[in-house]
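Asker: Dropping the structure in here first, questions after.
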Amino acid sequence: MTNLSQLGPPITGKLHSEEVKHESDHFYLCPTGDQVVDARDLRQVIWHDQPGHEPLDS
């Protein structure tokens, strides 16, 4: 299992739309591993975008 810290420091993106209404709107469920992904951290988004990826341990 890969740790989030092994992917390096957080990579934050720039806001390109209006602020979300709820903090939970920053998260989505990965369809492959059923893990919660923080969409504000590009490392997590890229990791979970890989087909057949292993679970990511935070």
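Every chain in the structure tokens takes a letter, A first, then B, and so on in the order presented; its residues are numbered from 1, and the ligands are numbered from 1 following the presented order.
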Can you pull out every residue within 12 Å of Ile46 in chain A, counting only C-alpha atoms, but drop anything in the same chain fewer than 6 positions away, and send it as a PyMOL selection string?
Answerer: chain A and resi 4+7+10-11+30+37-40+53+56
Asker: Take the selection from the previous step and output its residues with C-alpha atoms, as a tab-separated table (two decimals), in the first residue's frame.
Answerer:
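The resulting file, result-v1.tsv, is reproduced below:
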chain	number	residue	atom	x	y	z
A	4	LEU	CA	0.07	9.66	0.73
A	7	LEU	CA	3.76	11.03	-3.18
A	10	PRO	CA	0.56	18.43	-1.37
A	11	ILE	CA	-0.07	19.88	-4.81
A	30	CYS	CA	-13.08	6.74	-6.08
A	37	VAL	CA	-10.51	11.54	-2.55
A	38	ASP	CA	-9.81	15.17	-1.63
A	39	ALA	CA	-10.15	16.94	-4.99
A	40	ARG	CA	-8.13	19.90	-3.68
A	53	HIS	CA	-4.33	1.52	-8.77
A	56	LEU	CA	-3.80	4.91	-0.98
Asker: Excluding Leu29 in chain A and its own-chain neighbours fewer than 4 positions away, which residues fall within 12 Å of it when counting only C-alpha atoms? Please give them as number ranges by chain.
Answerer: A: 24-25, 33-39, 44-45, 48-49
Asker: Print the selection's residues with N, CA, C and O atoms to a file, as a tab-separated table (two decimals), in the first residue's frame.
Answerer:
chain	number	residue	atom	x	y	z
A	24	SER	N	-17.82	19.26	2.28
A	24	SER	CA	-17.89	17.91	1.72
A	24	SER	C	-17.89	17.90	0.19
A	24	SER	O	-17.59	16.87	-0.42
A	25	ASP	N	-18.17	19.04	-0.44
A	25	ASP	CA	-18.16	19.11	-1.90
A	25	ASP	C	-16.75	19.01	-2.48
A	25	ASP	O	-16.58	18.86	-3.68
A	33	GLY	N	-11.47	2.05	-5.97
A	33	GLY	CA	-11.09	1.55	-4.66
A	33	GLY	C	-12.03	1.92	-3.55
A	33	GLY	O	-11.77	1.64	-2.39
A	34	ASP	N	-13.12	2.59	-3.86
A	34	ASP	CA	-14.09	3.03	-2.85
A	34	ASP	C	-13.42	3.83	-1.74
A	34	ASP	O	-13.77	3.70	-0.57
A	35	GLN	N	-12.43	4.66	-2.11
A	35	GLN	CA	-11.78	5.54	-1.15
A	35	GLN	C	-12.24	6.97	-1.39
A	35	GLN	O	-12.54	7.35	-2.51
A	36	VAL	N	-12.25	7.74	-0.32
A	36	VAL	CA	-12.61	9.15	-0.42
A	36	VAL	C	-11.38	9.92	-0.92
A	36	VAL	O	-10.28	9.74	-0.41
A	37	VAL	N	-11.59	10.76	-1.94
A	37	VAL	CA	-10.51	11.54	-2.55
A	37	VAL	C	-10.77	13.02	-2.30
A	37	VAL	O	-11.87	13.51	-2.52
A	38	ASP	N	-9.73	13.72	-1.83
A	38	ASP	CA	-9.81	15.17	-1.63
A	38	ASP	C	-9.42	15.82	-2.96
A	38	ASP	O	-8.26	15.81	-3.36
A	39	ALA	N	-10.38	16.38	-3.66
A	39	ALA	CA	-10.15	16.94	-4.99
A	39	ALA	C	-9.29	18.19	-4.96
A	39	ALA	O	-8.84	18.65	-6.01
A	44	GLN	N	-3.72	13.21	-4.97
A	44	GLN	CA	-4.77	12.21	-4.78
A	44	GLN	C	-5.58	12.01	-6.06
A	44	GLN	O	-5.90	10.88	-6.43
A	45	VAL	N	-5.89	13.09	-6.72
A	45	VAL	CA	-6.69	13.01	-7.95
A	45	VAL	C	-5.95	12.19	-9.01
A	45	VAL	O	-6.52	11.29	-9.63
A	48	HIS	N	-5.71	8.37	-8.04
A	48	HIS	CA	-6.97	7.64	-8.19
A	48	HIS	C	-7.48	7.64	-9.64
A	48	HIS	O	-8.44	6.95	-9.95
A	49	ASP	N	-6.84	8.38	-10.51
A	49	ASP	CA	-7.19	8.39	-11.92
A	49	ASP	C	-6.51	7.25	-12.69
A	49	ASP	O	-6.89	6.95	-13.81
Asker: May I have the residues within 9 Å of Asp57 in chain A as a list of chain:residue names, using only C-alpha atoms and disregarding those fewer than 6 positions away in the same chain?
Answerer: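 My list of contacting residues is A:Met1, A:Thr2, A:Asn3, A:Leu4, A:Ser5.
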Asker: Can you check which residues of chain A DSSP gives as helix (DSSP H, G or I) on the backbone and send them as a PyMOL selection string?
Answerer: chain A and resi 4-7+23-26+42-49
Asker: Output N, CA, C and O atoms for every residue in that selection, as an mmCIF file, in the first residue's frame.
Answerer:
data_model
loop_
_atom_site.group_PDB
_atom_site.id
_atom_site.type_symbol
_atom_site.label_atom_id
_atom_site.label_comp_id
_atom_site.auth_asym_id
_atom_site.auth_seq_id
_atom_site.Cartn_x
_atom_site.Cartn_y
_atom_site.Cartn_z
ATOM 1 N N LEU A 4 0.228 8.340 1.334
ATOM 2 C CA LEU A 4 0.070 9.659 0.726
ATOM 3 C C LEU A 4 1.366 10.459 0.842
ATOM 4 O O LEU A 4 1.766 11.149 -0.090
ATOM 5 N N SER A 5 2.070 10.320 1.955
ATOM 6 C CA SER A 5 3.310 11.067 2.151
ATOM 7 C C SER A 5 4.399 10.647 1.164
ATOM 8 O O SER A 5 5.310 11.414 0.875
ATOM 9 N N GLN A 6 4.320 9.443 0.616
ATOM 10 C CA GLN A 6 5.289 8.982 -0.367
ATOM 11 C C GLN A 6 5.121 9.688 -1.710
ATOM 12 O O GLN A 6 6.015 9.629 -2.548
ATOM 13 N N LEU A 7 4.021 10.328 -1.920
ATOM 14 C CA LEU A 7 3.764 11.028 -3.181
ATOM 15 C C LEU A 7 4.313 12.450 -3.168
ATOM 16 O O LEU A 7 4.162 13.181 -4.138
ATOM 17 N N GLU A 23 -18.124 21.973 2.746
ATOM 18 C CA GLU A 23 -16.773 21.394 2.748
ATOM 19 C C GLU A 23 -16.764 20.015 2.102
ATOM 20 O O GLU A 23 -15.818 19.638 1.411
ATOM 21 N N SER A 24 -17.821 19.260 2.276
ATOM 22 C CA SER A 24 -17.890 17.908 1.718
ATOM 23 C C SER A 24 -17.885 17.898 0.189
ATOM 24 O O SER A 24 -17.590 16.866 -0.420
ATOM 25 N N ASP A 25 -18.167 19.042 -0.442
ATOM 26 C CA ASP A 25 -18.158 19.109 -1.903
ATOM 27 C C ASP A 25 -16.747 19.009 -2.480
ATOM 28 O O ASP A 25 -16.575 18.863 -3.681
ATOM 29 N N HIS A 26 -15.716 19.079 -1.631
ATOM 30 C CA HIS A 26 -14.333 18.936 -2.081
ATOM 31 C C HIS A 26 -13.931 17.469 -2.220
ATOM 32 O O HIS A 26 -12.839 17.175 -2.677
ATOM 33 N N LEU A 42 -4.017 17.559 -5.847
ATOM 34 C CA LEU A 42 -3.800 16.961 -7.157
ATOM 35 C C LEU A 42 -3.121 15.601 -7.071
ATOM 36 O O LEU A 42 -3.346 14.733 -7.908
ATOM 37 N N ARG A 43 -2.293 15.363 -6.041
ATOM 38 C CA ARG A 43 -1.652 14.050 -5.880
ATOM 39 C C ARG A 43 -2.700 12.955 -5.772
ATOM 40 O O ARG A 43 -2.595 11.906 -6.405
ATOM 41 N N GLN A 44 -3.718 13.206 -4.969
ATOM 42 C CA GLN A 44 -4.765 12.206 -4.782
ATOM 43 C C GLN A 44 -5.577 12.007 -6.058
ATOM 44 O O GLN A 44 -5.903 10.880 -6.427
ATOM 45 N N VAL A 45 -5.895 13.093 -6.722
ATOM 46 C CA VAL A 45 -6.690 13.009 -7.952
ATOM 47 C C VAL A 45 -5.953 12.192 -9.006
ATOM 48 O O VAL A 45 -6.519 11.291 -9.628
ATOM 49 N N ILE A 46 -4.656 12.483 -9.207
ATOM 50 C CA ILE A 46 -3.864 11.758 -10.205
ATOM 51 C C ILE A 46 -3.729 10.290 -9.824
ATOM 52 O O ILE A 46 -3.864 9.404 -10.665
ATOM 53 N N TRP A 47 -3.474 10.015 -8.557
ATOM 54 C CA TRP A 47 -3.323 8.625 -8.100
ATOM 55 C C TRP A 47 -4.590 7.822 -8.391
ATOM 56 O O TRP A 47 -4.533 6.723 -8.929
ATOM 57 N N HIS A 48 -5.714 8.371 -8.039
ATOM 58 C CA HIS A 48 -6.974 7.643 -8.194
ATOM 59 C C HIS A 48 -7.478 7.638 -9.640
ATOM 60 O O HIS A 48 -8.439 6.946 -9.953
ATOM 61 N N ASP A 49 -6.835 8.375 -10.507
ATOM 62 C CA ASP A 49 -7.193 8.391 -11.923
ATOM 63 C C ASP A 49 -6.508 7.254 -12.687
ATOM 64 O O ASP A 49 -6.893 6.950 -13.805
#
Asker: Please return as an mmCIF file with C-alpha atoms, in the first residue's frame: the residues of chain A that backbone DSSP assigns to strand (DSSP E or B).
Answerer:
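Just written: selection-v5.cif:
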data_model
loop_
_atom_site.group_PDB
_atom_site.id
_atom_site.type_symbol
_atom_site.label_atom_id
_atom_site.label_comp_id
_atom_site.auth_asym_id
_atom_site.auth_seq_id
_atom_site.Cartn_x
_atom_site.Cartn_y
_atom_site.Cartn_z
ATOM 1 C CA THR A 2 1.338 3.436 -0.884
ATOM 2 C CA ASN A 3 1.231 6.204 1.710
ATOM 3 C CA THR A 12 -2.869 22.382 -4.499
ATOM 4 C CA PHE A 27 -14.461 15.143 -1.781
ATOM 5 C CA TYR A 28 -15.589 12.320 -4.044
ATOM 6 C CA LEU A 29 -15.607 8.538 -3.866
ATOM 7 C CA VAL A 36 -12.607 9.149 -0.424
ATOM 8 C CA VAL A 37 -10.510 11.540 -2.550
ATOM 9 C CA ASP A 38 -9.808 15.167 -1.632
ATOM 10 C CA ASP A 41 -4.986 17.736 -3.633
ATOM 11 C CA LEU A 56 -3.803 4.906 -0.977
ATOM 12 C CA ASP A 57 -3.063 4.932 2.743
#
